[in-house]
Each structure stands twice: as C-alpha cells, then as structure tokens.
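S.K.: I'd like to ask some things about the structure below.
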Amino acid sequence: MSTTRPLDQKAFWLKRALPALLAILIGGAYLEDRFRVGIDDQKDQCLPGNHRWFLIDTYDKAIERDHLVAFVADQRMAMAPWFSFTHVVIKIATGVPGDTVRVGVKDTRVNDTVVSEGLALSAKLGKSASVFIRTEFVADGDLWVTGTTPNSFDSRYWGLVHPDQLIGKVYALPF
C-alpha cells in the first residue's frame with residue numbers, strides 16, 4: 001500500500017522534469033539566436049545545386065573562398081528592383097582578402113581565374129557595361145561575391161561586401 005500523496009508525486013515529477021525542461025529552453029534559445037533559415041524564392045536561381053532552403057550560421061563569420069555567405073543588402077544594391085535595403089542576400093564568396101578582382105565586359109576574374117561572365121544586367125540597370133569595368137583589391141574583412149549565372153546581380157555591379165553587412169556562413173539544405 002502506497003503512502004505517497006499526490007502532491008509528493010507532483011513535486012517528485014517537477015524535480016525530475018525541471019532540469020530537462022530548462023535544458024530544452026536554453027538550447028532552443030541558443031539555436032534560435034545562432035541560426036536562421038533562408039529561402040530562395042527567385043524564379044532564376046543563381047546558386048549552385050538548385051537549392052531553395054539554406055541554413056545561415058550567424059556565429060560563423062570565418063568565410064573562405066567558395067563558401068556560401070549571407071549578408072544584408074545596402075544602399076548600393078538598392079539601385080535595382082531586385083533587392084530592397086536590408087534584404088538578406090546569399091552569394092558565393094569568390095574573392096577574399098588579398099585577392100585582386102578585374103571586371104571586364106567579357107568576364108570577371110579573381111586573381112586571373114574567371115568567376116563570372118559578362119555584364120548581362122547593365123542594360124536593365126540603365127547603364128553602359130563600361131561603367132562597371134574596373135580593378136579592385138579585396139581588403140581585410142571584405143568579400144567579392146558572385147552567383148553562378150551571367151544574370152546574377154552581384155559584386156560586378158555594386159562592389160565588395162563589407163564586414164558590417166556580413167550575417168554569416170551558409171549551408172544549402174537538401175530540400
């Protein structure tokens with residue numbers, strides 16, 4: 001015959017469940033703070049693999065060449081109808097600190113390696129392609145970013161991504 005009262009059973013259960021509940025809440029808060037989910041809803045995708053869903057790690061800002069990177073659009077990107085100011089953008093980091101970038105009419109090269117072809121969007125931006133021709137040096141903290149298609153609106157048109165724009169490293173999700 002049990003002599004345990006219902007209140008004792010509740011207290012016993014709370015003592016067992018409370019640490020687990022706290023661990024779940026703290027872990028959830030950490031994950032919510034660290035990660036974001038991005039969705040590419042563009043008709044013409046310009047990232048490799050035709051992925052539509054991405055996981056953005058806001059704590060990982062150690063970006064290397066060919067990593068996917070998320071950043072916030074700034075006023076330079078607002079010149080076109082594709083990105084509003086503060087829009088989250090995901091591109092490929094093709095130029096990292098120490099690189100030299102040469103934008104030409106036919107292609108864009110990072111350290112003499114072709115990373116983009118042409119300046120297909122110059123007419124849509126209402127500018128001559130010659131306006132975008134230049135040589136840039138990627139300074140510490142900055143990144144040169146591109147997409148995989150000639151019509152990607154990327155660094156060819158608005159320049160480097162600066163450290164204050166960087167959100168974090170991006171991982172393509174398999175769905």
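In the structure tokens, each chain is lettered A, B, ... as it comes, each chain's residues begin at 1, and ligands are numbered from 1 in order of appearance.
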DSSP on the backbone: which residues in chain A end up as strand (DSSP E or B)? Give the answer as a PyMOL selection string.

M.R.: chain A and resi 35-39+53-57+68-72+88-95+100-103+107-110+113-117+134-137+143-146+161+166-172

S.K.: Skipping near chain neighbours, those fewer than 3 positions away, what residues fall within 12 Å of stretch 98-101 of chain A using only C-alpha atoms, listed as a ChimeraX atom specification?

M.R.: /A:64-65,93-95,104,107-116,133-146,155-156,159-160

S.K.: May I have the residues within 12 Å of A:Tyr30 as an mmCIF file with N, CA and C atoms, in the first residue's frame, using only C-alpha atoms and disregarding those fewer than 5 positions away in the same chain?

M.R.:
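So the final result, stored in around_10.cif, reads:
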```cif
data_model
loop_
_atom_site.group_PDB
_atom_site.id
_atom_site.type_symbol
_atom_site.label_atom_id
_atom_site.label_comp_id
_atom_site.auth_asym_id
_atom_site.auth_seq_id
_atom_site.Cartn_x
_atom_site.Cartn_y
_atom_site.Cartn_z
ATOM 1 N N ALA A 23 16.936 22.743 -19.863
ATOM 2 C CA ALA A 23 17.938 22.442 -20.892
ATOM 3 C C ALA A 23 17.347 22.624 -22.291
ATOM 4 N N ILE A 24 16.122 22.176 -22.475
ATOM 5 C CA ILE A 24 15.450 22.340 -23.772
ATOM 6 C C ILE A 24 15.229 23.813 -24.082
ATOM 7 N N LEU A 25 14.770 24.580 -23.122
ATOM 8 C CA LEU A 25 14.523 26.010 -23.341
ATOM 9 C C LEU A 25 15.816 26.772 -23.631
ATOM 10 N N PHE A 35 21.117 30.419 -35.491
ATOM 11 C CA PHE A 35 20.771 30.015 -36.850
ATOM 12 C C PHE A 35 19.531 30.714 -37.374
ATOM 13 N N ARG A 36 19.536 30.925 -38.684
ATOM 14 C CA ARG A 36 18.373 31.423 -39.419
ATOM 15 C C ARG A 36 18.162 30.509 -40.612
ATOM 16 N N ASP A 57 24.414 30.336 -40.461
ATOM 17 C CA ASP A 57 25.058 30.294 -39.147
ATOM 18 C C ASP A 57 25.578 31.694 -38.828
ATOM 19 N N THR A 58 24.870 32.416 -37.982
ATOM 20 C CA THR A 58 25.223 33.804 -37.685
ATOM 21 C C THR A 58 26.455 33.930 -36.798
ATOM 22 N N TYR A 59 26.910 32.824 -36.215
ATOM 23 C CA TYR A 59 28.102 32.857 -35.367
ATOM 24 C C TYR A 59 29.379 32.573 -36.161
#
```

S.K.: Quick check, in Å to one decimal: how far apart do atom CA of A:Val170 and atom CA of A:Phe132 lie?

M.R.: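 Result for atom CA of A:Val170 versus atom CA of A:Phe132: 27.6 Å, one decimal.
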
S.K.: Between A:Ser84, A:Phe153, A:Leu31, A:Phe71, which one has atoms that come closest to A:Lys124, using only C-alpha atoms?

M.R.: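 Of A:Ser84, A:Phe153, A:Leu31, A:Phe71, the one nearest A:Lys124 is A:Phe153, counting only C-alpha atoms.
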
S.K.: When distances are computed from only C-alpha atoms, which of A:Pro163, A:Gly28, A:Gly118, A:Gly38 shows the smallest separation from A:Val88?

M.R.: A:Gly38

S.K.: Kindly indicate which residue among A:Ala73, A:Val105, A:Ile90, A:Ala129 lies nearest to A:Ile39, using only C-alpha atoms for the distances.

M.R.: A:Ile90

S.K.: Excluding A:Ala120 and any residue of its chain fewer than 5 positions from it, enumerate the residues within 9 Å of it, using only C-alpha atoms, and give them as a list in words.

M.R.: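 My list of contacting residues is Ala129, Pro150, Asn151 and Ser152 of chain A.
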
S.K.: Produce a file of the selected residues containing C-alpha atoms, as a PDB file, in the first residue's frame.

M.R.:
```pdb
ATOM      1  CA  ALA A 129      28.675  47.992 -69.428  1.00  0.00           C
ATOM      2  CA  PRO A 150      25.596  35.641 -66.097  1.00  0.00           C
ATOM      3  CA  ASN A 151      22.450  37.481 -64.933  1.00  0.00           C
ATOM      4  CA  SER A 152      23.265  37.297 -61.215  1.00  0.00           C
TER       5      SER A 152
END
```

S.K.: What does the structure give for the distance between atom CA of A:Ala172 and atom CA of A:His51, in Å to one decimal?

M.R.: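 Answer for the atom CA of A:Ala172 to atom CA of A:His51 separation: 6.3 Å.
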
S.K.: I'd like to know which residues of stretch 7-146 of chain A are alpha helix (DSSP H) (by DSSP, run on the backbone); could you write them as an MDAnalysis selection string?

M.R.: chainID A and resid 7:34
